[in-house]
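Shown below: entry_9.cif, with mmCIF, C-alpha atoms.
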```cif
data_input
#
loop_
_atom_site.label_atom_id
_atom_site.label_comp_id
_atom_site.auth_asym_id
_atom_site.auth_seq_id
_atom_site.Cartn_x
_atom_site.Cartn_y
_atom_site.Cartn_z
CA MET A 1 -92.77 -44.44 10.37
CA MET A 2 -92.78 -41.94 7.51
CA ARG A 3 -94.13 -39.18 9.78
CA ARG A 4 -91.33 -39.85 12.24
CA LEU A 5 -88.70 -39.67 9.49
CA LEU A 6 -90.13 -36.44 8.09
CA ALA A 7 -90.12 -34.98 11.60
CA LEU A 8 -86.45 -35.87 11.95
CA VAL A 9 -85.60 -34.21 8.64
CA GLY A 10 -87.49 -31.14 9.80
CA ALA A 11 -85.55 -31.17 13.05
CA ALA A 12 -82.30 -31.35 11.11
CA LEU A 13 -83.32 -28.33 9.06
CA LEU A 14 -84.34 -26.41 12.18
CA ALA A 15 -81.01 -27.18 13.82
CA ALA A 16 -79.21 -25.97 10.70
CA SER A 17 -81.08 -22.66 10.67
CA CYS A 18 -80.22 -21.80 14.29
CA GLY A 19 -76.59 -20.89 13.57
CA ARG A 20 -74.20 -19.91 10.86
CA THR A 21 -72.82 -23.47 10.58
CA PRO A 22 -75.35 -26.18 9.69
CA ARG A 23 -75.44 -29.08 12.14
CA PHE A 24 -77.08 -32.48 12.07
CA VAL A 25 -79.31 -33.73 14.80
CA PRO A 26 -77.02 -36.54 16.11
CA VAL A 27 -77.50 -39.38 13.68
CA GLY A 28 -77.11 -41.98 16.39
CA ALA A 29 -80.52 -40.93 17.70
CA ASP A 30 -82.32 -42.29 14.66
CA SER A 31 -79.89 -44.87 13.32
CA THR A 32 -82.37 -47.67 14.00
CA LEU A 33 -84.93 -46.21 11.60
CA ALA A 34 -85.34 -47.92 8.27
CA PRO A 35 -83.87 -45.83 5.43
CA PRO A 36 -86.46 -43.91 3.42
CA SER A 37 -87.79 -45.21 0.14
CA ALA A 38 -86.32 -44.26 -3.21
CA ASP A 39 -89.48 -42.23 -3.95
CA SER A 40 -89.03 -40.22 -0.75
CA LEU A 41 -85.39 -39.54 -1.58
CA ALA A 42 -86.39 -38.35 -5.05
CA THR A 43 -88.99 -35.98 -3.59
CA TRP A 44 -86.56 -34.50 -1.08
CA ALA A 45 -83.86 -34.25 -3.74
CA GLN A 46 -86.20 -32.06 -5.81
CA GLN A 47 -86.84 -29.90 -2.75
CA ALA A 48 -83.08 -29.58 -2.25
CA ARG A 49 -82.49 -28.56 -5.88
CA GLU A 50 -85.13 -25.87 -5.52
CA GLY A 51 -83.66 -24.77 -2.19
CA TRP A 52 -80.20 -24.20 -3.68
CA GLU A 53 -81.74 -21.62 -6.02
CA SER A 54 -82.77 -19.47 -3.05
CA ALA A 55 -79.92 -17.50 -1.48
CA ASP A 56 -81.65 -17.26 1.91
CA ARG A 57 -82.27 -21.03 2.20
CA GLN A 58 -78.84 -22.45 1.46
CA ASP A 59 -77.90 -23.31 5.07
CA GLU A 60 -81.08 -25.36 5.41
CA THR A 61 -80.68 -26.83 1.94
CA ALA A 62 -77.13 -27.93 2.69
CA ALA A 63 -78.41 -29.76 5.78
CA LEU A 64 -81.16 -31.42 3.73
CA THR A 65 -78.70 -32.42 1.00
CA ALA A 66 -76.33 -33.91 3.57
CA ARG A 67 -79.25 -35.80 5.09
CA LEU A 68 -80.04 -37.24 1.66
CA VAL A 69 -76.46 -38.44 1.28
CA PHE A 70 -76.56 -39.97 4.76
CA ASP A 71 -79.78 -41.87 4.02
CA ASP A 72 -78.46 -43.09 0.67
CA LEU A 73 -75.33 -44.43 2.36
CA ARG A 74 -77.55 -46.35 4.76
CA LEU A 75 -79.32 -47.86 1.75
CA HIS A 76 -75.91 -49.01 0.42
CA PRO A 77 -73.98 -50.14 3.52
CA SER A 78 -71.45 -52.23 1.60
CA ALA A 79 -70.66 -49.68 -1.14
CA PRO A 80 -67.23 -47.99 -1.04
CA LEU A 81 -68.12 -44.81 0.81
CA PRO A 82 -66.26 -42.06 -1.14
CA ARG A 83 -67.38 -43.43 -4.49
CA ARG A 84 -70.98 -43.81 -3.33
CA VAL A 85 -71.10 -40.21 -2.09
CA ARG A 86 -69.86 -38.96 -5.48
CA THR A 87 -72.23 -41.21 -7.42
CA PHE A 88 -75.30 -40.22 -5.42
CA LEU A 89 -74.65 -36.46 -5.52
CA ASP A 90 -74.08 -36.64 -9.27
CA SER A 91 -77.26 -38.66 -9.74
CA ILE A 92 -79.44 -36.04 -8.04
CA GLY A 93 -77.69 -33.10 -9.73
CA MET A 94 -76.11 -31.50 -6.66
CA GLY A 95 -73.02 -29.30 -6.69
CA ALA A 96 -70.27 -30.76 -4.52
CA GLU A 97 -66.56 -31.42 -4.22
CA VAL A 98 -65.92 -34.86 -2.73
CA ALA A 99 -62.72 -36.20 -1.22
CA GLY A 100 -62.29 -39.44 0.66
CA ARG A 101 -60.23 -42.45 1.65
CA GLY A 102 -61.36 -45.78 3.02
CA GLY A 103 -64.41 -45.34 5.24
CA PHE A 104 -64.28 -41.52 5.22
CA ALA A 105 -65.58 -38.91 2.79
CA ILE A 106 -66.16 -35.16 2.88
CA ALA A 107 -68.70 -33.55 0.58
CA ASN A 108 -68.26 -29.80 0.21
CA LEU A 109 -71.72 -28.73 -0.95
CA PHE A 110 -72.44 -25.63 -3.01
CA SER A 111 -75.03 -24.13 -5.32
CA ARG A 112 -74.42 -25.02 -8.96
CA SER A 113 -75.97 -21.72 -10.00
CA ASP A 114 -73.52 -19.80 -7.77
CA PRO A 115 -70.45 -22.02 -7.15
CA SER A 116 -68.42 -19.13 -5.70
CA GLY A 117 -71.16 -18.02 -3.34
CA GLY A 118 -70.28 -20.32 -0.44
CA SER A 119 -69.78 -23.95 0.51
CA TRP A 120 -70.85 -26.32 3.28
CA PRO A 121 -68.56 -29.27 4.14
CA TYR A 122 -70.01 -32.43 5.67
CA LEU A 123 -68.18 -35.53 6.85
CA PHE A 124 -69.54 -39.05 6.31
CA TRP A 125 -67.93 -42.15 7.78
CA ARG A 126 -68.48 -45.77 8.69
CA ASP A 127 -68.28 -46.51 12.40
CA GLY A 128 -68.27 -50.28 12.39
CA THR A 129 -71.70 -51.20 11.05
CA GLN A 130 -73.07 -47.69 11.60
CA THR A 131 -73.04 -44.82 9.11
CA ARG A 132 -72.44 -41.42 10.69
CA ALA A 133 -72.28 -37.82 9.52
CA GLN A 134 -71.71 -34.30 10.80
CA ALA A 135 -71.10 -30.77 9.56
CA LEU A 136 -67.51 -29.51 9.57
CA GLU A 137 -65.59 -26.27 9.77
CA GLY A 138 -64.09 -24.95 6.52
CA GLY A 139 -67.15 -23.45 4.84
CA GLY A 140 -66.62 -20.96 2.03
CA THR A 141 -63.48 -22.69 0.75
CA ARG A 142 -62.61 -25.23 -1.94
CA LEU A 143 -62.10 -28.84 -0.84
CA VAL A 144 -58.86 -30.46 -2.03
CA ASP A 145 -58.26 -33.70 -0.12
CA LEU A 146 -58.86 -35.73 3.04
CA LEU A 147 -56.44 -37.80 5.12
CA PRO A 148 -57.30 -40.10 8.05
CA GLY A 149 -54.71 -40.07 10.82
CA SER A 150 -52.39 -42.96 11.54
CA GLU A 151 -54.63 -44.04 14.43
CA ALA A 152 -57.84 -44.10 12.36
CA ALA A 153 -59.08 -47.44 11.14
CA SER A 154 -59.94 -47.66 7.47
CA ASP A 155 -63.58 -48.27 8.39
CA GLY A 156 -63.71 -45.28 10.79
CA SER A 157 -64.32 -47.42 13.88
CA SER A 158 -63.97 -45.63 17.21
CA ASP A 159 -62.59 -48.53 19.25
CA GLN A 160 -59.00 -48.53 18.00
CA GLY A 161 -56.95 -48.53 21.21
CA ALA A 162 -56.66 -45.80 23.84
CA GLY A 163 -55.56 -42.86 21.70
CA PRO A 164 -57.74 -40.41 19.80
CA LEU A 165 -58.55 -40.77 16.13
CA TRP A 166 -57.36 -38.04 13.78
CA LEU A 167 -58.72 -36.72 10.52
CA ALA A 168 -57.29 -33.91 8.37
CA ALA A 169 -58.85 -32.06 5.45
CA LEU A 170 -57.07 -29.82 2.97
CA PHE A 171 -58.95 -26.79 1.65
CA ALA A 172 -57.94 -23.84 -0.53
CA ARG A 173 -59.08 -20.23 -0.31
CA ALA A 174 -58.78 -17.64 -3.09
CA SER A 175 -56.22 -14.95 -2.27
CA GLY A 176 -55.44 -12.21 -4.78
CA GLY A 177 -56.11 -14.44 -7.77
CA GLN A 178 -54.08 -17.28 -6.26
CA GLN A 179 -54.81 -20.12 -3.83
CA GLN A 180 -53.96 -20.22 -0.14
CA PRO A 181 -53.96 -23.73 1.39
CA LEU A 182 -55.74 -24.34 4.69
CA VAL A 183 -55.73 -27.52 6.76
CA PHE A 184 -58.21 -28.46 9.48
CA VAL A 185 -57.57 -31.36 11.85
CA TRP A 186 -60.28 -33.05 13.92
CA SER A 187 -59.94 -35.57 16.73
CA ARG A 188 -62.39 -38.14 18.06
CA PRO A 189 -61.86 -39.83 21.43
CA PRO A 190 -62.43 -43.60 21.54
CA GLY A 191 -66.11 -44.37 21.87
CA SER A 192 -67.23 -40.89 20.78
CA ALA A 193 -69.57 -40.34 17.84
CA GLN A 194 -68.45 -36.75 17.18
CA TRP A 195 -65.33 -35.17 15.71
CA ARG A 196 -64.02 -31.98 17.35
CA LEU A 197 -61.78 -29.39 15.74
CA ALA A 198 -58.32 -29.81 17.24
CA GLN A 199 -56.06 -27.78 14.95
CA SER A 200 -56.12 -25.38 12.02
CA LEU A 201 -53.13 -24.55 9.83
CA GLY A 202 -53.26 -21.32 7.83
CA SER A 203 -50.74 -18.84 6.48
CA ASP A 204 -48.79 -18.69 9.76
CA SER A 205 -48.07 -22.42 9.56
CA LEU A 206 -48.24 -23.19 5.84
CA GLY A 207 -47.03 -19.82 4.55
CA GLY A 208 -48.87 -17.58 2.11
CA VAL A 209 -50.19 -18.71 -1.24
CA GLY A 210 -49.22 -21.80 -3.20
CA THR A 211 -50.06 -25.48 -3.01
CA ALA A 212 -50.24 -28.25 -0.44
CA THR A 213 -50.68 -32.00 -0.78
CA PHE A 214 -51.20 -34.99 1.45
CA THR A 215 -48.64 -37.76 0.92
CA TYR A 216 -50.05 -41.24 1.36
CA PRO A 217 -48.40 -43.52 2.18
CA PRO A 218 -45.86 -41.23 3.87
CA PRO A 219 -42.13 -41.27 2.98
CA ALA A 220 -39.36 -42.29 5.38
CA ASP A 221 -39.51 -39.03 7.38
CA GLY A 222 -43.19 -39.66 8.14
CA SER A 223 -44.38 -36.44 6.49
CA VAL A 224 -48.02 -36.62 5.43
CA LEU A 225 -48.49 -32.95 4.48
CA VAL A 226 -46.20 -30.97 2.17
CA ALA A 227 -46.85 -27.27 1.50
CA ARG A 228 -45.02 -25.25 -1.16
CA THR A 229 -45.92 -21.62 -0.65
CA HIS A 230 -44.57 -18.10 -0.89
CA LEU A 231 -45.13 -14.70 0.68
CA ALA A 232 -44.76 -11.27 -0.91
CA VAL A 233 -41.17 -9.97 -0.82
CA SER A 234 -40.75 -6.33 0.20
CA GLY A 235 -39.32 -4.23 -2.61
CA PHE A 236 -40.19 -6.76 -5.35
CA ASP A 237 -43.20 -6.86 -7.64
CA GLU A 238 -44.12 -10.49 -8.39
CA CYS A 239 -46.86 -11.46 -10.82
CA GLU A 240 -48.83 -14.69 -10.35
CA THR A 241 -46.71 -16.63 -12.84
CA CYS A 242 -43.39 -14.99 -11.91
CA PRO A 243 -40.67 -16.80 -9.95
CA HIS A 244 -41.08 -16.58 -6.18
CA VAL A 245 -39.14 -17.40 -3.05
CA ILE A 246 -40.65 -20.84 -2.42
CA ARG A 247 -40.64 -22.43 1.02
CA THR A 248 -41.39 -26.12 1.42
CA ARG A 249 -42.87 -27.10 4.78
CA ARG A 250 -43.46 -30.70 5.87
CA PHE A 251 -45.70 -32.05 8.63
CA ARG A 252 -46.29 -35.47 10.17
CA TRP A 253 -48.76 -36.88 12.66
CA GLY A 254 -47.86 -36.22 16.30
CA SER A 255 -49.49 -36.49 19.70
CA SER A 256 -51.45 -33.24 19.21
CA GLY A 257 -52.24 -33.47 15.51
CA LEU A 258 -49.91 -32.38 12.72
CA GLU A 259 -46.43 -31.26 13.75
CA SER A 260 -43.65 -29.67 11.70
CA VAL A 261 -40.91 -31.89 10.29
CA GLY A 262 -38.94 -28.97 8.89
CA GLU A 263 -38.79 -26.11 6.40
CA GLN A 264 -36.61 -25.67 3.34
CA ILE A 265 -36.24 -22.72 0.98
CA ASP A 266 -35.88 -23.61 -2.68
CA ASN A 267 -32.49 -22.33 -3.76
CA SER A 268 -32.66 -20.50 -7.09
CA PRO A 269 -30.96 -17.56 -8.83
CA TYR A 270 -34.03 -15.45 -8.09
CA TYR A 271 -33.82 -16.26 -4.37
CA VAL A 272 -30.09 -15.39 -4.34
CA PHE A 273 -30.76 -12.00 -5.94
CA VAL A 274 -33.53 -11.23 -3.45
CA ARG A 275 -31.23 -12.03 -0.52
CA PHE A 276 -28.43 -9.98 -2.07
CA ILE A 277 -30.65 -6.89 -2.40
CA GLN A 278 -32.03 -7.35 1.12
CA ALA A 279 -28.50 -7.44 2.56
CA LEU A 280 -27.49 -4.32 0.63
CA LYS A 281 -30.55 -2.42 1.89
CA LEU A 282 -29.52 -3.28 5.45
CA GLY A 283 -25.99 -2.08 4.75
CA ASP A 284 -24.71 -5.56 5.58
CA ARG A 285 -21.88 -6.00 3.08
CA GLU A 286 -20.59 -9.12 4.79
CA THR A 287 -23.87 -10.96 4.26
CA ALA A 288 -24.16 -9.55 0.74
CA GLY A 289 -20.74 -11.04 0.00
CA ARG A 290 -22.10 -14.54 0.70
CA TRP A 291 -24.23 -14.30 -2.44
CA VAL A 292 -21.55 -13.33 -4.98
CA ALA A 293 -18.72 -15.26 -6.63
CA ASP A 294 -16.42 -12.20 -6.59
CA PRO A 295 -16.36 -9.83 -3.56
CA SER A 296 -15.83 -6.85 -5.88
CA LEU A 297 -19.42 -7.27 -7.05
CA VAL A 298 -20.64 -5.94 -3.71
CA GLU A 299 -18.88 -2.62 -4.33
CA ALA A 300 -20.17 -2.57 -7.91
CA ALA A 301 -23.74 -3.02 -6.68
CA VAL A 302 -23.29 -0.24 -4.13
CA GLY A 303 -22.06 1.93 -6.99
CA TYR A 304 -25.38 1.33 -8.78
CA ASP A 305 -27.22 2.34 -5.57
CA TRP A 306 -28.77 -1.11 -5.26
CA GLY A 307 -28.86 -0.62 -1.50
CA ARG A 308 -31.20 2.36 -1.83
CA SER A 309 -34.95 2.21 -2.44
CA LYS A 310 -35.10 3.87 -5.84
CA GLY A 311 -37.94 1.76 -7.23
CA VAL A 312 -39.54 -1.66 -7.08
CA TRP A 313 -37.61 -4.58 -8.58
CA ARG A 314 -39.31 -6.99 -10.95
CA LEU A 315 -38.22 -9.66 -13.38
CA SER A 316 -38.59 -9.13 -17.10
CA PRO A 317 -41.56 -10.95 -18.64
CA GLY A 318 -41.05 -14.64 -19.36
CA SER A 319 -38.18 -15.10 -16.90
CA VAL A 320 -37.48 -18.57 -15.50
CA SER A 321 -36.45 -18.85 -11.85
CA LYS A 322 -33.42 -21.11 -12.41
CA SER A 323 -32.03 -19.43 -15.52
CA GLU A 324 -28.32 -18.59 -15.38
CA ALA A 325 -29.08 -15.05 -16.60
CA LEU A 326 -32.02 -12.95 -15.45
CA VAL A 327 -33.04 -9.42 -16.43
CA PHE A 328 -34.35 -7.28 -13.58
CA PHE A 329 -36.16 -3.97 -13.97
CA ARG A 330 -35.95 -1.34 -11.23
CA GLY A 331 -38.39 1.54 -11.21
CA PRO A 332 -39.57 3.02 -14.51
CA GLN A 333 -36.19 3.21 -16.30
CA GLU A 334 -33.41 0.95 -15.00
CA ALA A 335 -32.69 -2.59 -16.19
CA TYR A 336 -29.86 -4.99 -15.34
CA ARG A 337 -28.81 -8.36 -16.67
CA VAL A 338 -27.60 -10.51 -13.77
CA HIS A 339 -25.54 -13.68 -14.31
CA PHE A 340 -25.39 -16.66 -11.95
CA VAL A 341 -23.20 -19.73 -11.53
CA PRO A 342 -24.01 -22.93 -9.61
CA ARG A 343 -21.83 -23.64 -6.59
CA GLY A 344 -22.62 -27.06 -5.17
CA ASP A 345 -26.31 -26.98 -4.29
CA ASP A 346 -26.32 -23.18 -4.27
CA TRP A 347 -26.19 -20.34 -6.77
CA LEU A 348 -23.98 -17.25 -6.72
CA ILE A 349 -24.09 -13.97 -8.64
CA SER A 350 -21.15 -14.01 -11.06
CA ASP A 351 -21.65 -10.69 -12.87
CA PHE A 352 -24.18 -8.01 -13.82
CA GLU A 353 -24.42 -5.06 -16.16
CA PRO A 354 -27.00 -2.46 -17.23
CA THR A 355 -29.13 -3.49 -20.19
CA SER A 356 -31.98 -2.27 -22.33
CA ARG A 357 -35.64 -2.48 -21.34
CA SER A 358 -36.65 -3.04 -24.95
CA ILE A 359 -37.56 -6.67 -24.15
CA GLU A 360 -40.38 -5.50 -21.87
#
```
Please express what this file holds, its structure, as structure tokens.
Amino acid sequence: MMRRLLALVGAALLAASCGRTPRFVPVGADSTLAPPSADSLATWAQQAREGWESADRQDETAALTARLVFDDLRLHPSAPLPRRVRTFLDSIGMGAEVAGRGGFAIANLFSRSDPSGGSWPYLFWRDGTQTRAQALEGGGTRLVDLLPGSEAASDGSSDQGAGPLWLAALFARASGGQQQPLVFVWSRPPGSAQWRLAQSLGSDSLGGVGTATFTYPPPADGSVLVARTHLAVSGFDECETCPHVIRTRRFRWGSSGLESVGEQIDNSPYYVFVRFIQALKLGDRETAGRWVADPSLVEAAVGYDWGRSKGVWRLSPGSVSKSEALVFFRGPQEAYRVHFVPRGDDWLISDFEPTSRSIE
């Protein structure tokens, strides 16, 4: 029995080394085997810890570590799955981010000695009385959260009606010192033991850098994913902590995965000024007039050559996005204090004048 189990572990490691993404030998093939002893798990855990120290063995070591988690879950079939995955990985000293709900958990494995060197996500779930596992897409990122779809049973069972089961995972990738959210969605047809990548949402769908969260249970509009992100604005220099033009995007479960519920731009004085400058650069005085309380301010801005590219705009240090007065620098010398007034749910520019850059 032990020789057969060791052979299966070896097969799992061999399968992992044959490609860039580690893969399990299908766990259903050996699910009738008795789980290994605690002594065997301890021995393999030591091998895994040593393997993580070797940069050229981390794919294989991730597969071995995932196999250890899988076998431990089989030893504890009634334990809450996400908590058990966390507890076991902590107990054997492995580096991992764990997210889970109900009968699902993802462990994003990494080397504790080099946490930024790469990561290997694995999914674990209960399929009725069976415990299953597989490698996932999303390696090299940080795991944030996991969300089963509305069709997925809390225990992960694959016999829930005629429709597919859905599972979404939220990751984050470093981008210029900030975080860019990424979402992967997998589907599993009824009766299948494997999840297949069905959808990926990156900057085109979620928009630039920022944050994203799963909402559970969902609000009245059904949205289960909310992203608050921003993209760089041409002609403006924005530091990491500076105000940005924030877009909020919402998604809900649909027939093909996650579908958009809508997009909303956060209205703020900073956003109004950005739109005002963009309209002036296009020579569109009519649109520029939509962002001011007094139409004469458009002519005043033209008089300051705000419609010409004479330097990059940036806010003075310490500015707050929704302040009623903001100081903007342009190029190496110019500075302007811009005043705003609320108008319903919007903001309008009420006045502006040159000012000193001494506050820089």
**OP:** Could you check how far atom CA of A:Asp59 sits from atom CA of A:Val183, in Å to one decimal?
**Re:**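 So the two atoms, atom CA of A:Asp59 and atom CA of A:Val183, lie 22.6 Å apart.
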Original post:
Between A:Gly318, A:Gly191, A:Gly149, A:Gly289, which is the closest to A:Arg252 once you count all atoms listed in the file?
Top reply: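 Among A:Gly318, A:Gly191, A:Gly149, A:Gly289, it is A:Gly149 that comes nearest to A:Arg252.
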**OP:** Pull out every residue that the PyMOL selection byres ((chain A and resi 48-58) around 10) matches in the shown coordinates and put them as a PyMOL selection string.
**Re:** chain A and resi 16-17+22+42-47+59-66+68+92-95+109-114+117-120
Subject >> Nearby residues (only C-alpha atoms) at most 12 Å from A:Thr87, same-chain spacing under 3 positions excluded, as JSON, numbers by chain >> reply: {"A": [69, 72, 73, 76, 79, 80, 81, 82, 83, 84, 90, 91, 92, 93, 94, 95, 96, 97, 98, 107]}
Subject >> Interatomic distance, atom CA of A:Asp204 to atom CA of A:Ser309 (Å, one decimal) >> reply: 27.9 Å
